[in-house]
Amino acid sequence: MSAPSIGLQLYTLRSLQLPLDDLLAGVAAIGYTAVETHGMQGVGPEELRAALGRHGLEFVSAHVALRSLRDDPRSVMADYRAAGAGMIVVPFLEVVDRPAARAGWEDLARELDAIGAVATSAGLPFAYHHHAFELEPIEGGTPLEVLLEGTGAEHVGVELDVGWLQVAGHDPALWIDRVAERCVRVHAKDVARVPAAEHPWADVGDGVVAWPDVLAASRRAGVAWWLVEHDAPDDPWRSVEQSYEALRRLLQADRERST
């Protein structure tokens with residue numbers, strides 16, 4: 001399998017008050033070749049597409065709130081197709097949207113499968129991104145397992161988040177192997193050896209994640225994109241640059257080991 005490429009989830013830079021062109025110019029200057037957006041980044045579809053094009057950045061996927069997809073999925077899909085997105089990903093469930101029992105997760109799986117069918121028919125692959133709460137035990141497994149069991153692989157992929165898997169006490173490499181055929185994106189996020197009071201996150205390579213194992217599993221699964229993310233960086237530019245360089249070195253080492 002070919003090695004994945006490195007992109008950036010722009011959520012990492014959300015605290016920066018910069019015009020979109022300046023933001024994307026900085027991302028490209030570091031070496032990133034692609035981004036995953038959170039929404040439309042405050043602009044319209046054509047403006048987003050043009051800005052990404054000016055900076056040579058591929059629009060590999062977009063995080064889109066489930067509520068907007070519930071309201072008008074076809075219109076939302078049309079906008080993201082116009083913007084040039086390669087995939088739609090549901091990024092998060094608000095507390096009020098989180099089922100309390102297995103039956104509710106089964107209902108949500110059916111809903112996601114239906115939205116995924118609309119996305120697929122519109123030419124946009126569709127996926128779900130988890131946090132830690134989907135990995136907590138419920139009757140007969142975990143919510144994430146219920147969602148995967150209740151959706152078709154042709155309609156719903158999964159974007160695994162290495163950091164949230166680690167925080168929840170799961171082995172990220174085992175999960176990548178387990179859902180290899182449905183693992184369409186991976187978030188590269190590390191967990192601090194001594195977590196801060198506010199959050200557990202670290203830049204890639206500075207935490208406890210066993211990256212050689214995780215990257216080897218990613219290669220076996222044929223994951224196309226690794227997307228760097230840090231939910232609460234003290235210095236966003238420094239964080240995304242350090243994570244990019246660390247992940248680039250780790251991927252190179254993985255290539256050398258595999259040849």
# chains A, B, ... in the order shown; residues from 1 in each chain; ligands from 1
>>> residues_around(residues="Arg193 of chain A", least_positions_apart="4", cutoff="10 Å", atoms="only C-alpha atoms", output="list in words")
Pro200, Trp201, Ala202, Asp206, Gly207, Val208 and Val209 of chain A
>>> residues_around(residues="Thr151 of chain A", least_positions_apart="2", cutoff="10 Å", atoms="only C-alpha atoms", output="list in words")
Glu106, Leu108, Ala109, Arg110, Glu111, Leu112, Asp113, Ala114, Gly116, Val146, Leu147, Leu148, Glu149, Ala153, Glu154, His155, Val156 and Gly157 of chain A
>>> select_by_dssp(residues="segment 71-249 of chain A", states="helix (DSSP H, G or I)", output="number ranges by chain")
A: 71, 73-83, 95-97, 102-121, 133-135, 143-149, 162-167, 172-178, 180-182, 211-221, 236-249
>>> select_by_dssp(residues="segment 22-176 of chain A", states="strand (DSSP E)", output="ChimeraX atom specification")
/A:34-38,58-63,88-90,126-129,157-161
>>> closest_atom_pairs(of="segment 101-193 of chain A", to="segment 213-219 of chain A", cutoff="10 Å", atoms="only C-alpha atoms", output="JSON lines")
{"residue": "A:Val162", "atom": "CA", "partner": "A:Val214", "partner_atom": "CA", "distance": 8.3}
{"residue": "A:Asp171", "atom": "CA", "partner": "A:Val214", "partner_atom": "CA", "distance": 8.7}
{"residue": "A:Pro172", "atom": "CA", "partner": "A:Val214", "partner_atom": "CA", "distance": 6.3}
{"residue": "A:Ala173", "atom": "CA", "partner": "A:Val214", "partner_atom": "CA", "distance": 4.4}
{"residue": "A:Leu174", "atom": "CA", "partner": "A:Ala217", "partner_atom": "CA", "distance": 7.6}
{"residue": "A:Trp175", "atom": "CA", "partner": "A:Ala217", "partner_atom": "CA", "distance": 8.8}
{"residue": "A:Ile176", "atom": "CA", "partner": "A:Ala217", "partner_atom": "CA", "distance": 6.0}
{"residue": "A:Asp177", "atom": "CA", "partner": "A:Ala217", "partner_atom": "CA", "distance": 5.8}
{"residue": "A:Arg178", "atom": "CA", "partner": "A:Ala217", "partner_atom": "CA", "distance": 9.5}
{"residue": "A:Ala180", "atom": "CA", "partner": "A:Ser218", "partner_atom": "CA", "distance": 8.0}
{"residue": "A:Cys183", "atom": "CA", "partner": "A:Ser218", "partner_atom": "CA", "distance": 8.8}
{"residue": "A:Arg185", "atom": "CA", "partner": "A:Ser218", "partner_atom": "CA", "distance": 9.5}
{"residue": "A:Val186", "atom": "CA", "partner": "A:Ser218", "partner_atom": "CA", "distance": 8.3}
{"residue": "A:Ala188", "atom": "CA", "partner": "A:Val214", "partner_atom": "CA", "distance": 9.8}
>>> closest_residue(among="A:Val90, A:Tyr80, A:Ala122, A:Trp237", to="Leu24 of chain A", atoms="only C-alpha atoms")
A:Trp237
>>> residues_around(residues="Ser68 of chain A", least_positions_apart="6", cutoff="12 Å", atoms="only C-alpha atoms", output="list in words")
Gly39, Arg74, Ser75, Val76, Met77, Asp79, Ile88, Val90, Pro91 and Ile115 of chain A
>>> residues_around(residues="Gln9 of chain A", least_positions_apart="2", cutoff="10 Å", atoms="only C-alpha atoms", output="PDB file with C-alpha atoms, in the first residue's frame")
ATOM      1  CA  GLY A   7      -3.111  17.348   5.600  1.00  0.00           C
ATOM      2  CA  TYR A  11     -10.022  23.618  13.325  1.00  0.00           C
ATOM      3  CA  THR A  12      -6.540  23.657  14.886  1.00  0.00           C
ATOM      4  CA  LEU A  13      -6.092  27.276  13.736  1.00  0.00           C
ATOM      5  CA  ARG A  14      -9.568  28.528  14.638  1.00  0.00           C
ATOM      6  CA  ALA A  34      -4.300  19.434   1.791  1.00  0.00           C
ATOM      7  CA  VAL A  35      -6.816  20.575   4.358  1.00  0.00           C
ATOM      8  CA  GLU A  36      -9.950  19.385   6.044  1.00  0.00           C
ATOM      9  CA  THR A  37     -12.198  22.329   6.845  1.00  0.00           C
ATOM     10  CA  HIS A  38     -14.622  22.928   9.667  1.00  0.00           C
ATOM     11  CA  VAL A  60      -9.860  16.427   0.970  1.00  0.00           C
ATOM     12  CA  SER A  61     -12.799  16.641   3.366  1.00  0.00           C
ATOM     13  CA  ALA A  62     -15.092  18.951   5.314  1.00  0.00           C
ATOM     14  CA  HIS A  63     -16.501  18.660   8.806  1.00  0.00           C
ATOM     15  CA  HIS A 187      -6.686  12.357  12.643  1.00  0.00           C
ATOM     16  CA  ALA A 188      -3.085  12.600  13.807  1.00  0.00           C
ATOM     17  CA  TRP A 226      -3.407  11.715   7.778  1.00  0.00           C
ATOM     18  CA  LEU A 227      -4.902  14.972   9.078  1.00  0.00           C
ATOM     19  CA  VAL A 228      -3.015  16.762  11.844  1.00  0.00           C
ATOM     20  CA  GLU A 229      -5.220  18.180  14.584  1.00  0.00           C
ATOM     21  CA  HIS A 230      -4.641  19.747  18.001  1.00  0.00           C
ATOM     22  CA  ASP A 231      -7.783  20.842  19.799  1.00  0.00           C
ATOM     23  CA  VAL A 240       0.981  22.646  13.274  1.00  0.00           C
TER      24      VAL A 240
END
>>> residues_around(residues="Pro45 of chain A", least_positions_apart="5", cutoff="9 Å", atoms="only C-alpha atoms", output="PyMOL selection string")
chain A and resi 40+50+79-84
>>> atom_distance(atom1="atom CA of Val95 of chain A", atom2="atom CA of Ala196 of chain A")
23.7 Å
>>> atom_distance(atom1="atom CA of Ala29 of chain A", atom2="atom CA of Leu8 of chain A")
12.5 Å
>>> closest_residue(among="A:Pro233, A:Leu93, A:Thr33, A:Asp254", to="Glu198 of chain A", atoms="only C-alpha atoms")
A:Pro233
>>> decode(residues="segment 130-143 of chain A", atoms="N, CA and C atoms", output="CSV table (one decimal), in the first residue's frame")
chain,number,residue,atom,x,y,z
A,130,HIS,N,-15.4,10.2,15.4
A,130,HIS,CA,-15.8,9.9,16.7
A,130,HIS,C,-14.9,10.8,17.7
A,131,HIS,N,-15.4,10.8,19.0
A,131,HIS,CA,-14.7,11.3,20.1
A,131,HIS,C,-14.6,10.1,21.1
A,132,ALA,N,-14.5,10.5,22.4
A,132,ALA,CA,-14.3,9.4,23.4
A,132,ALA,C,-15.7,8.8,23.8
A,133,PHE,N,-16.8,9.6,23.7
A,133,PHE,CA,-18.0,9.1,24.2
A,133,PHE,C,-18.6,7.9,23.4
A,134,GLU,N,-18.2,7.8,22.1
A,134,GLU,CA,-18.7,6.7,21.3
A,134,GLU,C,-17.9,5.4,21.6
A,135,LEU,N,-16.9,5.5,22.5
A,135,LEU,CA,-16.1,4.4,22.8
A,135,LEU,C,-16.4,3.8,24.2
A,136,GLU,N,-17.4,4.4,24.9
A,136,GLU,CA,-17.8,4.0,26.2
A,136,GLU,C,-18.7,2.7,26.1
A,137,PRO,N,-18.6,1.8,27.0
A,137,PRO,CA,-19.4,0.6,26.9
A,137,PRO,C,-20.9,0.8,27.0
A,138,ILE,N,-21.6,0.2,26.1
A,138,ILE,CA,-23.1,0.1,26.2
A,138,ILE,C,-23.4,-1.3,26.0
A,139,GLU,N,-24.7,-1.6,26.0
A,139,GLU,CA,-25.2,-3.0,25.8
A,139,GLU,C,-24.7,-3.5,24.5
A,140,GLY,N,-23.9,-4.6,24.6
A,140,GLY,CA,-23.4,-5.3,23.4
A,140,GLY,C,-22.3,-4.6,22.6
A,141,GLY,N,-21.5,-3.7,23.3
A,141,GLY,CA,-20.4,-3.1,22.6
A,141,GLY,C,-20.2,-1.7,23.0
A,142,THR,N,-19.9,-0.9,22.0
A,142,THR,CA,-19.7,0.6,22.1
A,142,THR,C,-20.6,1.3,21.1
A,143,PRO,N,-20.9,2.5,21.3
A,143,PRO,CA,-21.7,3.3,20.3
A,143,PRO,C,-21.0,3.2,18.9
